[in-house]
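Colleague: Dumping the structure here so I can ask a few things about it.
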Amino acid sequence: MERDKIRNLVSQALREEIGGSGSPTDPASDGGGTGMPAVIDESIKSVITEDDLKGVQPGSQLLVKADAIITPAAADLIRHLNIEIRYRSRLVATSHNRLIAVGADHGGFAMKEELKKLLGGAGYKYRDFGTYDEQAVDYPDFAHAVARAVADGVCDLGIIVDGAGIGSCMTANKVPGVRAALCYDEASARNSREHNYANVLTLGGRLISVEAMRSIVGVWLSTPEGESRHGKRVAKIMAVEKQYLR
């Protein structure tokens, strides 16, 4: 799967108007030949100021929480730089209205099919970004597609399965706005959501059982983002990302 195919997967989801928030844009329409405008994730913050926009490049996307306050000076700078605002609602544990992006390589295909049954049975909507059989494929392609769907707001959360879960986690975390966590038990799943506000979960389909997957996913989806002291630390994670997007 080449990069343009990944773009097409996300573009198709946008055209079908599933999930997400803010005004949809075509991911393939950005400039610079990268296939991806810079996404600056400030969705941890309640107030967006001019200082938060220092170094942000023209044409970037700014991800903010739905009820964030944008100061007048920041709003003027946003207009001047032609920055697109994307709104993200705070995810709560009791909401089954979330749309989950799922994906896997050949090593995670079988577990992905079980994952879909779990999600459907629990009342979650999901979008399957492939792969669709056990023929050998490259895990970065599918991890990228799922991560991009989450970063763009097409889907609220993402779950990726490959043989060990490590490569997909590395790939997903290259996408700005994504906080992917490889989880291997209920404790790590709970911690990743409560302490780290993880929005993508990766799993090792050849390292854990289907039963373990069910318990991990159940805890991960039912755990809310933690209190503000955790949010402040997550904001520092995103600030590091922001430095390297300039």
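Going through the structure tokens in order, the chains are called A, B, and so on, while each chain numbers its residues from 1 and the ligands are numbered from 1 in the order shown.
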Kindly provide the residues of region 119-177 of chain A that approach region 206-230 of chain A to within 8 Å, each paired with its closest atom pair and their distance in Å to one decimal, based on only C-alpha atoms, listed by chain and increasing number, as JSON lines.
Modeller:
{"residue": "A:Asp162", "atom": "CA", "partner": "A:Arg206", "partner_atom": "CA", "distance": 7.7}
{"residue": "A:Gly163", "atom": "CA", "partner": "A:Arg206", "partner_atom": "CA", "distance": 5.0}
{"residue": "A:Ala164", "atom": "CA", "partner": "A:Leu207", "partner_atom": "CA", "distance": 6.2}
Colleague: Quick one: pick out all strand (DSSP E or B) residues within region 178-213 of chain A from a backbone DSSP run and write them as a list in words.
Modeller: Ala180, Ala181, Leu182, Val200, Leu201, Thr202, Leu203 and Gly204 of chain A
Colleague: Keeping N, CA and C atoms, export the residues of the selection given above as a JSON list (two decimals), in the first residue's frame.
Modeller:
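Wrote it out as part_39.json, contents follow:
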[["chain", "number", "residue", "atom", "x", "y", "z"],
["A", 180, "ALA", "N", 0.30, 7.10, 20.68],
["A", 180, "ALA", "CA", 0.08, 5.66, 20.59],
["A", 180, "ALA", "C", 0.79, 4.95, 21.73],
["A", 181, "ALA", "N", 0.14, 3.92, 22.26],
["A", 181, "ALA", "CA", 0.70, 3.15, 23.36],
["A", 181, "ALA", "C", 0.58, 1.66, 23.06],
["A", 182, "LEU", "N", 1.68, 0.94, 23.22],
["A", 182, "LEU", "CA", 1.68, -0.52, 23.14],
["A", 182, "LEU", "C", 1.31, -1.05, 24.52],
["A", 200, "VAL", "N", -4.34, 6.11, 20.50],
["A", 200, "VAL", "CA", -4.15, 4.93, 19.66],
["A", 200, "VAL", "C", -3.56, 3.82, 20.53],
["A", 201, "LEU", "N", -4.12, 2.63, 20.41],
["A", 201, "LEU", "CA", -3.66, 1.44, 21.12],
["A", 201, "LEU", "C", -3.05, 0.48, 20.12],
["A", 202, "THR", "N", -1.87, -0.04, 20.42],
["A", 202, "THR", "CA", -1.30, -1.08, 19.57],
["A", 202, "THR", "C", -1.15, -2.37, 20.37],
["A", 203, "LEU", "N", -1.33, -3.48, 19.67],
["A", 203, "LEU", "CA", -1.33, -4.80, 20.30],
["A", 203, "LEU", "C", -0.47, -5.76, 19.49],
["A", 204, "GLY", "N", 0.13, -6.72, 20.19],
["A", 204, "GLY", "CA", 0.92, -7.77, 19.53],
["A", 204, "GLY", "C", 0.07, -9.01, 19.34]]
Colleague: Hey, what's within 7 Å of region 49-55 of chain A if we count only C-alpha atoms and toss same-chain stuff fewer than 2 positions away? As a ChimeraX atom specification, please?
Modeller: /A:47,57,70-71,73-74,246
Colleague: Can you spit out the residues from that selection as a compact mmCIF listing (two decimals), in the first residue's frame, using N, CA and C atoms?
Modeller:
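Dumped everything to part02.txt:
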# COMPACT_ATOMS: atom_id res chain seq x y z
N VAL A 47 -7.23 27.30 27.19
CA VAL A 47 -7.11 28.64 26.61
C VAL A 47 -5.96 28.62 25.60
N GLN A 57 3.64 27.09 11.37
CA GLN A 57 3.78 27.46 9.96
C GLN A 57 2.43 27.78 9.33
N ILE A 70 -10.16 30.87 22.66
CA ILE A 70 -9.09 31.40 21.82
C ILE A 70 -9.06 32.91 22.00
N THR A 71 -7.95 33.41 22.48
CA THR A 71 -7.87 34.84 22.77
C THR A 71 -7.93 35.64 21.47
N ALA A 73 -6.00 37.97 20.28
CA ALA A 73 -4.70 38.05 19.61
C ALA A 73 -4.39 36.74 18.89
N ALA A 74 -4.71 35.62 19.53
CA ALA A 74 -4.48 34.32 18.89
C ALA A 74 -5.37 34.16 17.68
N ARG A 246 8.35 22.75 13.60
CA ARG A 246 8.65 24.10 13.13
C ARG A 246 9.57 24.09 11.94
Colleague: Which is closer to Gly107 (chain A) than all the others in A:Val137, A:Leu157, A:Leu62, A:Cys183, using only C-alpha atoms?
Modeller: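 Of A:Val137, A:Leu157, A:Leu62, A:Cys183, the one nearest Gly107 (chain A) is A:Val137, counting only C-alpha atoms.
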Colleague: Which residue gives the smallest distance to Ser168 (chain A) among A:Ala149, A:Leu99, A:Ala104, A:Leu118, with only C-alpha atoms counted?
Modeller: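 Closest residue, counting only C-alpha atoms: A:Ala104.
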Colleague: With only C-alpha atoms as the atoms that count, which of A:Ala151, A:Ala75, A:Leu115, A:Val161 lies nearest to Gly103 (chain A)?
Modeller: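 Of all the options, A:Val161 lies closest to Gly103 (chain A).
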Colleague: Using only C-alpha atoms, can you tell me which of A:Pro176, A:Ile83, A:Gly158, A:Asp141 comes closest to Lys112 (chain A)?
Modeller: A:Gly158
Colleague: Compile the contact shell of Thr171 (chain A) as a list in words: residues with an atom at most 8 Å away, counting only C-alpha atoms, same-chain residues fewer than 3 positions apart removed.
Modeller: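 Close residues of Thr171 (chain A): Pro140, Ala143, His144, Gly167, Ser168, Lys174 and Val175 of chain A.
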Colleague: Can you measure CA of Leu245 (chain A) to CA of Pro58 (chain A) for me? One decimal in Å is fine.
Modeller: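 Atom-to-atom, CA of Leu245 (chain A) and CA of Pro58 (chain A) are spaced 11.9 Å apart.
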